[in-house]
Amino acid sequence: MLCARGGARVTLFERVASPQTVGAGILLQPTGMAVLARLGVLGPVLERGARISHLRGFTPGGRAVLDLAYAARRPDLFGLGVHRGSLFAALWAALEPAGVEVRTGVTIEPPETDADGRFRLPGAPERAYDLVIVADGSRSQLRAAVGPVSRARPYPYGALWFIGRDPDGRYDGVLHQVYRGARQMLGLLPSGAAPGSPERLCSLFWSLPMQGPRGVDAVRAAGLEAWRRAAIDLCPAAEPLLAQVDSMDDLLTAPYYDVVMARTHRVTPRGRGAVVLGDAAHAMSPQLGQGANLALLDAAALADALTEAGAFADPAQVAPALATYEARRRGPVRTYQRLSRWLTPVFQSEADAVAVLRDAFFGPLCRVPPVRRLMLDALTGVKTSLIGGAEPPRLALPGPQGP
Ligand SMILES: Cc1cc2nc3c(=O)[nH]c(=O)nc-3n(C[C@H](O)[C@H](O)[C@H](O)COP(=O)(O)OP(=O)(O)OC[C@H]3O[C@@H](n4cnc5c(N)ncnc54)[C@H](O)[C@@H]3O)c2cc1C
């Protein structure tokens, strides 16, 4: 959309023939919301989302392991739990007015260059392109044709997800997690409303190994009641949501991927290029709740680099713009990749001793101002290096909450 508004002729290809507004909730951070504001879709997303003021994590005995308030970083900050469908619907509706041609039901094959140094897409060969933006998700089949992939593997742990009704707003305001060691984790994320429905929703996620005796197949085979009992035992507060699960088929399995690319772009001798964005370039475990936010930040950074280089008027400037883009995104993306790789085993693994240390020290550390600041920078999505962070963006909020 940002490229179309900049003057480029943009075509979006989507493999799914009729994209559906499905999925559980995700947490948007101030950084992601700022990009949505730039795209002109923050209003509808806010309207259907649920504001999150705190991230709180506990042991089953009620000991606080994590207690982070967005307002402790800056009083105007908050996260937004949003149904994936509502985020999708807002973005999808904005494509056509922005001048983006949308073609669904087209599976793109790795791009090839023609004799003019422009790109041809084997799935849609009728046009040549000056820039190909690859954003085909964590299991990308296209990224290797653009740049070297250093790592693309699944995490040993993933999650089962369910989205249920929360008519009384019982879970409002807090991303609530309960941990038993690092082997069990249940999370509750208020997720606003799905498109076309006034019902307030809350997502429930249950962390588990993907394989083995405690893995997805074993849990599914043991049946709904065994799982429900274990989940209620870990987090009795989740019972009203758990009561809404009618069968194991209501639970979606979500694997997590760890993807690292040594370089995310390539250029042709005529200065045209291809670039990989979002999960295709840097899928990570959702422990830090950053994936969609990083994808939005990638998009904004790319549009900025192309605009600054004058690439919308002169396609030969695509190449320097991609180099600028890569240099700007490398630090923040690498930082979140590392943090996510280090933190995931602290919450999702067989590392019992690490969990004991976590339960003993994380709670007190959250109260030490410099450490709290580092944690809040990581949460709000502004980290640029392991110790550095930018100032979180200020959102010009529509409506009475605005400045
Ligand atoms: C359980 C779970 C919880 C999460 N929670 C959060 C959270 O709280 N906050 C957060 O920010 N992020 C979260 N994430 C991460 C977030 O979902 C992803 O980072 C985000 O969806 C990445 O967006 P993307 O556009 O890069 O890829 P995707 O959303 O995967 O989109 C890729 C698109 O490309 C299409 N496609 C694929 N191949 C082709 C092809 N060959 N040709 C044409 N089209 C193709 C697909 O159909 C799809 O529509 C979570 C992820 C999981 C699994």
# chains A, B, ... in the order shown; residues from 1 in each chain; ligands from 1
call {"tool": "residues_near_ligand", "arguments": {"ligand": "ligand 1", "cutoff": "8 Å", "atoms": "only C-alpha atoms and all ligand atoms", "output": "PyMOL selection string"}}
result
chain A and resi 13-16+19+24-29+32+81+105-110+135-142+158-161+205+253-256+277-281+283-295
call {"tool": "write_last_selection", "arguments": {"atoms": "C-alpha atoms", "output": "mmCIF file, in the first residue's frame"}}
result
data_model
loop_
_atom_site.group_PDB
_atom_site.id
_atom_site.type_symbol
_atom_site.label_atom_id
_atom_site.label_comp_id
_atom_site.auth_asym_id
_atom_site.auth_seq_id
_atom_site.Cartn_x
_atom_site.Cartn_y
_atom_site.Cartn_z
ATOM 1 C CA PHE A 13 -0.461 -12.120 -5.302
ATOM 2 C CA GLU A 14 -2.059 -14.360 -2.666
ATOM 3 C CA ARG A 15 -2.058 -18.128 -2.875
ATOM 4 C CA VAL A 16 -5.386 -18.584 -1.082
ATOM 5 C CA PRO A 19 -8.795 -15.408 2.021
ATOM 6 C CA ALA A 24 -6.804 -16.532 17.037
ATOM 7 C CA GLY A 25 -5.658 -13.287 18.617
ATOM 8 C CA ILE A 26 -2.325 -11.559 18.314
ATOM 9 C CA LEU A 27 -0.828 -8.768 20.346
ATOM 10 C CA LEU A 28 -0.003 -5.576 18.498
ATOM 11 C CA GLN A 29 2.657 -3.344 19.959
ATOM 12 C CA GLY A 32 3.034 -2.063 14.796
ATOM 13 C CA GLY A 81 -5.068 -7.752 21.470
ATOM 14 C CA GLY A 105 -5.547 -17.983 -5.938
ATOM 15 C CA VAL A 106 -2.101 -17.507 -7.525
ATOM 16 C CA THR A 107 0.844 -19.473 -6.142
ATOM 17 C CA ILE A 108 4.046 -17.661 -7.000
ATOM 18 C CA GLU A 109 7.147 -19.680 -7.914
ATOM 19 C CA PRO A 110 10.692 -18.405 -7.268
ATOM 20 C CA ALA A 135 6.310 -12.070 2.099
ATOM 21 C CA ASP A 136 5.134 -15.663 1.967
ATOM 22 C CA GLY A 137 5.447 -16.494 5.669
ATOM 23 C CA SER A 138 7.572 -18.736 7.866
ATOM 24 C CA ARG A 139 7.458 -21.730 5.508
ATOM 25 C CA SER A 140 8.502 -19.625 2.520
ATOM 26 C CA GLN A 141 9.274 -21.488 -0.683
ATOM 27 C CA LEU A 142 10.604 -18.305 -2.287
ATOM 28 C CA GLY A 158 4.532 -24.883 19.693
ATOM 29 C CA ALA A 159 1.030 -24.252 20.973
ATOM 30 C CA LEU A 160 -2.591 -25.276 20.855
ATOM 31 C CA TRP A 161 -4.885 -22.265 20.406
ATOM 32 C CA PHE A 205 -2.906 -20.755 24.196
ATOM 33 C CA THR A 253 -1.999 -26.337 16.350
ATOM 34 C CA ALA A 254 0.564 -23.566 15.862
ATOM 35 C CA PRO A 255 4.165 -24.596 15.183
ATOM 36 C CA TYR A 256 6.878 -21.975 15.638
ATOM 37 C CA LEU A 277 10.004 -9.344 4.445
ATOM 38 C CA GLY A 278 8.186 -10.533 7.546
ATOM 39 C CA ASP A 279 8.156 -14.149 8.728
ATOM 40 C CA ALA A 280 9.666 -15.342 5.449
ATOM 41 C CA ALA A 281 12.835 -13.433 6.431
ATOM 42 C CA ALA A 283 10.096 -16.046 11.666
ATOM 43 C CA MET A 284 10.565 -16.441 15.399
ATOM 44 C CA SER A 285 8.777 -17.893 18.394
ATOM 45 C CA PRO A 286 5.875 -15.622 19.433
ATOM 46 C CA GLN A 287 7.194 -15.497 23.014
ATOM 47 C CA LEU A 288 7.850 -11.749 22.657
ATOM 48 C CA GLY A 289 4.689 -11.046 20.620
ATOM 49 C CA GLN A 290 6.589 -9.244 17.848
ATOM 50 C CA GLY A 291 6.177 -11.153 14.552
ATOM 51 C CA ALA A 292 3.361 -9.147 12.970
ATOM 52 C CA ASN A 293 4.829 -5.925 14.357
ATOM 53 C CA LEU A 294 8.228 -6.658 12.820
ATOM 54 C CA ALA A 295 6.544 -7.456 9.493
#
call {"tool": "residues_around", "arguments": {"residues": "Ala8 of chain A", "least_positions_apart": "2", "cutoff": "12 Å", "atoms": "only C-alpha atoms", "output": "list in words"}}
result
Met1, Leu2, Cys3, Ala4, Arg5, Gly6, Val10, Thr11, Ala98, Gly99, Val100, Glu101, Tyr129, Asp130, Leu131, Ala303, Leu306, Thr307, Gly310, Ala311, Phe312, Ala313, Asp314, Pro315 and Val318 of chain A
call {"tool": "select_by_dssp", "arguments": {"residues": "segment 132-249 of chain A", "states": "alpha helix (DSSP H)", "output": "list in words"}}
result
Val216, Asp217, Ala218, Val219, Arg220, Ala221, Ala222, Leu224, Glu225, Ala226, Trp227, Arg228, Arg229, Ala230, Ala231, Ile232, Asp233, Leu234, Glu239, Pro240, Leu241 and Leu242 of chain A
call {"tool": "residues_around", "arguments": {"residues": "segment 56-72 of chain A", "least_positions_apart": "4", "cutoff": "9 Å", "atoms": "only C-alpha atoms", "output": "compact mmCIF listing (two decimals) with N, CA and C atoms, in the first residue's frame"}}
result
# COMPACT_ATOMS: atom_id res chain seq x y z
N ILE A 52 -4.49 -3.67 25.98
CA ILE A 52 -3.75 -4.45 26.99
C ILE A 52 -2.85 -3.48 27.74
N ASP A 76 1.15 6.89 27.98
CA ASP A 76 0.19 6.74 26.87
C ASP A 76 0.29 5.38 26.18
N LEU A 77 1.22 4.53 26.60
CA LEU A 77 1.46 3.29 25.83
C LEU A 77 0.51 2.16 26.25
N PHE A 78 0.19 1.32 25.29
CA PHE A 78 -0.61 0.11 25.54
C PHE A 78 -0.37 -0.86 24.40
N GLY A 79 -0.71 -2.13 24.64
CA GLY A 79 -0.72 -3.11 23.55
C GLY A 79 -2.17 -3.29 23.10
N VAL A 174 -5.31 -7.50 30.40
CA VAL A 174 -4.04 -8.14 30.79
C VAL A 174 -3.75 -9.34 29.88
N LEU A 175 -2.52 -9.42 29.40
CA LEU A 175 -2.03 -10.68 28.82
C LEU A 175 -1.54 -11.50 30.00
N HIS A 176 -2.31 -12.55 30.31
CA HIS A 176 -2.11 -13.29 31.55
C HIS A 176 -1.51 -14.65 31.21
N GLN A 177 -0.41 -15.00 31.88
CA GLN A 177 0.21 -16.30 31.62
C GLN A 177 0.45 -17.02 32.95
N VAL A 178 0.37 -18.36 32.91
CA VAL A 178 0.73 -19.16 34.08
C VAL A 178 1.72 -20.23 33.63
N TYR A 179 2.78 -20.39 34.41
CA TYR A 179 3.84 -21.33 34.02
C TYR A 179 4.03 -22.38 35.11
N ARG A 180 4.14 -23.64 34.69
CA ARG A 180 4.61 -24.67 35.63
C ARG A 180 5.94 -25.13 35.09
N GLY A 181 7.02 -24.72 35.78
CA GLY A 181 8.35 -24.95 35.22
C GLY A 181 8.39 -24.31 33.85
N GLY A 187 -1.70 -19.27 28.36
CA GLY A 187 -1.80 -17.82 28.21
C GLY A 187 -3.20 -17.41 27.82
N ASP A 233 -6.23 -27.22 36.00
CA ASP A 233 -5.34 -27.39 37.14
C ASP A 233 -4.24 -26.32 37.13
N LEU A 234 -3.76 -26.00 35.95
CA LEU A 234 -2.70 -24.97 35.86
C LEU A 234 -3.29 -23.58 36.06
N CYS A 235 -4.46 -23.32 35.52
CA CYS A 235 -5.00 -21.96 35.56
C CYS A 235 -6.52 -22.02 35.75
N ARG A 358 14.24 -18.66 36.84
CA ARG A 358 13.29 -17.67 36.31
C ARG A 358 12.27 -17.28 37.39
N ASP A 359 11.70 -18.32 38.04
CA ASP A 359 10.66 -18.03 39.03
C ASP A 359 11.22 -17.27 40.23
N ALA A 360 12.49 -17.51 40.52
CA ALA A 360 13.09 -16.84 41.68
C ALA A 360 13.46 -15.39 41.36
N PHE A 361 13.94 -15.14 40.13
CA PHE A 361 14.56 -13.83 39.88
C PHE A 361 13.77 -12.89 38.97
N PHE A 362 12.96 -13.41 38.05
CA PHE A 362 12.30 -12.51 37.10
C PHE A 362 11.40 -11.49 37.80
N GLY A 363 10.61 -11.97 38.79
CA GLY A 363 9.68 -11.07 39.49
C GLY A 363 10.42 -9.89 40.10
N PRO A 364 11.43 -10.15 40.96
CA PRO A 364 12.18 -9.03 41.54
C PRO A 364 12.86 -8.16 40.48
N LEU A 365 13.38 -8.81 39.40
CA LEU A 365 14.08 -8.02 38.37
C LEU A 365 13.13 -7.04 37.67
N CYS A 366 11.86 -7.45 37.53
CA CYS A 366 10.87 -6.56 36.88
C CYS A 366 10.71 -5.25 37.65
N ARG A 367 11.13 -5.28 38.93
CA ARG A 367 10.95 -4.07 39.75
C ARG A 367 12.20 -3.20 39.77
N ARG A 372 13.72 -3.21 34.20
CA ARG A 372 12.33 -3.06 33.75
C ARG A 372 12.28 -2.30 32.44
N ARG A 373 13.12 -1.27 32.36
CA ARG A 373 13.16 -0.47 31.12
C ARG A 373 13.55 -1.34 29.91
N MET A 375 13.17 -4.56 29.63
CA MET A 375 12.07 -5.49 29.34
C MET A 375 10.94 -4.77 28.61
N LEU A 376 10.65 -3.55 29.04
CA LEU A 376 9.55 -2.81 28.41
C LEU A 376 9.92 -2.38 26.99
N LEU A 379 9.29 -5.41 24.99
CA LEU A 379 7.85 -5.65 24.82
C LEU A 379 7.21 -4.68 23.83
N THR A 380 7.56 -3.42 23.94
CA THR A 380 6.88 -2.42 23.10
C THR A 380 7.39 -2.44 21.67
call {"tool": "atom_distance", "arguments": {"atom1": "atom CA of Arg51 of chain A", "atom2": "atom CA of Leu80 of chain A"}}
result
4.6 Å
call {"tool": "select_by_dssp", "arguments": {"residues": "segment 34-152 of chain A", "states": "strand (DSSP E or B)", "output": "PDB file with C-alpha atoms, in the first residue's frame"}}
result
ATOM      1  CA  ALA A  50      -8.839  -4.998  23.169  1.00  0.00           C
ATOM      2  CA  ARG A  51      -6.398  -2.725  24.937  1.00  0.00           C
ATOM      3  CA  ILE A  52      -3.752  -4.455  26.993  1.00  0.00           C
ATOM      4  CA  SER A  53      -2.202  -2.508  29.837  1.00  0.00           C
ATOM      5  CA  HIS A  54      -0.199  -5.286  31.520  1.00  0.00           C
ATOM      6  CA  LEU A  55       1.728  -8.467  30.826  1.00  0.00           C
ATOM      7  CA  ARG A  56       1.494 -10.677  33.915  1.00  0.00           C
ATOM      8  CA  GLY A  57       2.939 -14.147  34.430  1.00  0.00           C
ATOM      9  CA  PHE A  58       2.549 -16.350  37.512  1.00  0.00           C
ATOM     10  CA  ALA A  64       4.559 -13.196  40.139  1.00  0.00           C
ATOM     11  CA  VAL A  65       7.175 -14.073  37.516  1.00  0.00           C
ATOM     12  CA  LEU A  66       6.473 -11.207  35.133  1.00  0.00           C
ATOM     13  CA  ASP A  67       4.641  -7.981  35.844  1.00  0.00           C
ATOM     14  CA  LEU A  68       5.115  -5.331  33.218  1.00  0.00           C
ATOM     15  CA  ALA A  69       2.855  -2.320  32.752  1.00  0.00           C
ATOM     16  CA  GLY A  79      -0.724  -3.110  23.553  1.00  0.00           C
ATOM     17  CA  LEU A  80      -3.712  -4.221  21.514  1.00  0.00           C
ATOM     18  CA  GLY A  81      -5.068  -7.752  21.470  1.00  0.00           C
ATOM     19  CA  VAL A  82      -6.730  -8.210  18.112  1.00  0.00           C
ATOM     20  CA  HIS A  83      -8.476 -11.057  16.325  1.00  0.00           C
ATOM     21  CA  GLU A 101      -4.214  -4.706  -7.771  1.00  0.00           C
ATOM     22  CA  VAL A 102      -5.084  -7.888  -5.835  1.00  0.00           C
ATOM     23  CA  ARG A 103      -4.870 -11.328  -7.429  1.00  0.00           C
ATOM     24  CA  THR A 104      -5.903 -14.272  -5.295  1.00  0.00           C
ATOM     25  CA  GLU A 112      13.525 -15.310 -12.422  1.00  0.00           C
ATOM     26  CA  THR A 113      15.286 -12.438 -14.156  1.00  0.00           C
ATOM     27  CA  PHE A 119      11.875  -9.998 -12.698  1.00  0.00           C
ATOM     28  CA  ARG A 120       9.392 -12.486 -14.098  1.00  0.00           C
ATOM     29  CA  LEU A 121       7.139 -14.531 -11.821  1.00  0.00           C
ATOM     30  CA  ALA A 124       2.147 -14.881 -13.260  1.00  0.00           C
ATOM     31  CA  PRO A 125       4.450 -14.399 -16.256  1.00  0.00           C
ATOM     32  CA  GLU A 126       2.536 -11.702 -18.135  1.00  0.00           C
ATOM     33  CA  ARG A 127       4.446  -8.763 -16.664  1.00  0.00           C
ATOM     34  CA  ALA A 128       8.033  -7.890 -15.735  1.00  0.00           C
ATOM     35  CA  TYR A 129       8.697  -6.310 -12.340  1.00  0.00           C
ATOM     36  CA  LEU A 131      10.933  -5.031  -7.516  1.00  0.00           C
ATOM     37  CA  VAL A 132       9.643  -8.294  -6.072  1.00  0.00           C
ATOM     38  CA  ILE A 133       8.662  -8.233  -2.388  1.00  0.00           C
ATOM     39  CA  VAL A 134       8.540 -11.766  -1.006  1.00  0.00           C
ATOM     40  CA  VAL A 149      19.118 -18.754   4.354  1.00  0.00           C
ATOM     41  CA  SER A 150      21.305 -19.515   7.384  1.00  0.00           C
ATOM     42  CA  ARG A 151      18.578 -21.184   9.428  1.00  0.00           C
ATOM     43  CA  ALA A 152      14.997 -22.323   8.818  1.00  0.00           C
TER      44      ALA A 152
END
call {"tool": "residues_around", "arguments": {"residues": "Glu225 of chain A", "least_positions_apart": "5", "cutoff": "10 Å", "atoms": "only C-alpha atoms", "output": "PyMOL selection string"}}
result
chain A and resi 230-231+245-248
call {"tool": "write_last_selection", "arguments": {"atoms": "N, CA and C atoms", "output": "PDB file, in the first residue's frame"}}
result
ATOM      1  N   ALA A 230      -5.988 -30.777  32.855  1.00  0.00           N
ATOM      2  CA  ALA A 230      -4.622 -30.267  33.064  1.00  0.00           C
ATOM      3  C   ALA A 230      -4.607 -28.743  32.971  1.00  0.00           C
ATOM      4  N   ALA A 231      -5.380 -28.201  32.022  1.00  0.00           N
ATOM      5  CA  ALA A 231      -5.383 -26.746  31.830  1.00  0.00           C
ATOM      6  C   ALA A 231      -6.046 -26.035  33.008  1.00  0.00           C
ATOM      7  N   VAL A 245     -14.717 -25.217  24.863  1.00  0.00           N
ATOM      8  CA  VAL A 245     -14.069 -26.099  23.882  1.00  0.00           C
ATOM      9  C   VAL A 245     -14.903 -27.373  23.778  1.00  0.00           C
ATOM     10  N   ASP A 246     -15.458 -27.624  22.599  1.00  0.00           N
ATOM     11  CA  ASP A 246     -16.356 -28.780  22.443  1.00  0.00           C
ATOM     12  C   ASP A 246     -15.636 -30.039  22.000  1.00  0.00           C
ATOM     13  N   SER A 247     -14.536 -29.878  21.279  1.00  0.00           N
ATOM     14  CA  SER A 247     -13.795 -31.071  20.847  1.00  0.00           C
ATOM     15  C   SER A 247     -12.353 -30.664  20.582  1.00  0.00           C
ATOM     16  N   MET A 248     -11.487 -31.645  20.479  1.00  0.00           N
ATOM     17  CA  MET A 248     -10.074 -31.352  20.197  1.00  0.00           C
ATOM     18  C   MET A 248      -9.928 -30.620  18.856  1.00  0.00           C
TER      19      MET A 248
END
call {"tool": "residues_around", "arguments": {"residues": "Pro195 of chain A", "least_positions_apart": "4", "cutoff": "9 Å", "atoms": "only C-alpha atoms", "output": "PDB file with N, CA and C atoms, in the first residue's frame"}}
result
ATOM      1  N   THR A  21     -11.280 -14.654   7.106  1.00  0.00           N
ATOM      2  CA  THR A  21     -10.879 -13.916   8.303  1.00  0.00           C
ATOM      3  C   THR A  21     -10.859 -14.886   9.489  1.00  0.00           C
ATOM      4  N   ARG A  48     -11.939  -2.649  17.006  1.00  0.00           N
ATOM      5  CA  ARG A  48     -12.260  -4.062  17.187  1.00  0.00           C
ATOM      6  C   ARG A  48     -11.272  -4.771  18.109  1.00  0.00           C
ATOM      7  N   HIS A  83      -8.168  -9.840  17.082  1.00  0.00           N
ATOM      8  CA  HIS A  83      -8.476 -11.057  16.325  1.00  0.00           C
ATOM      9  C   HIS A  83      -7.782 -10.919  14.966  1.00  0.00           C
ATOM     10  N   GLY A  85      -8.501 -11.993  12.184  1.00  0.00           N
ATOM     11  CA  GLY A  85      -9.468 -11.686  11.130  1.00  0.00           C
ATOM     12  C   GLY A  85      -9.754 -10.194  11.055  1.00  0.00           C
ATOM     13  N   SER A  86      -9.804  -9.524  12.188  1.00  0.00           N
ATOM     14  CA  SER A  86     -10.104  -8.087  12.184  1.00  0.00           C
ATOM     15  C   SER A  86      -8.925  -7.282  11.637  1.00  0.00           C
ATOM     16  N   LEU A  87      -7.720  -7.718  11.968  1.00  0.00           N
ATOM     17  CA  LEU A  87      -6.537  -7.049  11.409  1.00  0.00           C
ATOM     18  C   LEU A  87      -6.496  -7.266   9.899  1.00  0.00           C
ATOM     19  N   ALA A  89      -9.004  -7.997   7.905  1.00  0.00           N
ATOM     20  CA  ALA A  89     -10.114  -7.329   7.208  1.00  0.00           C
ATOM     21  C   ALA A  89      -9.783  -5.849   6.995  1.00  0.00           C
TER      22      ALA A  89
END
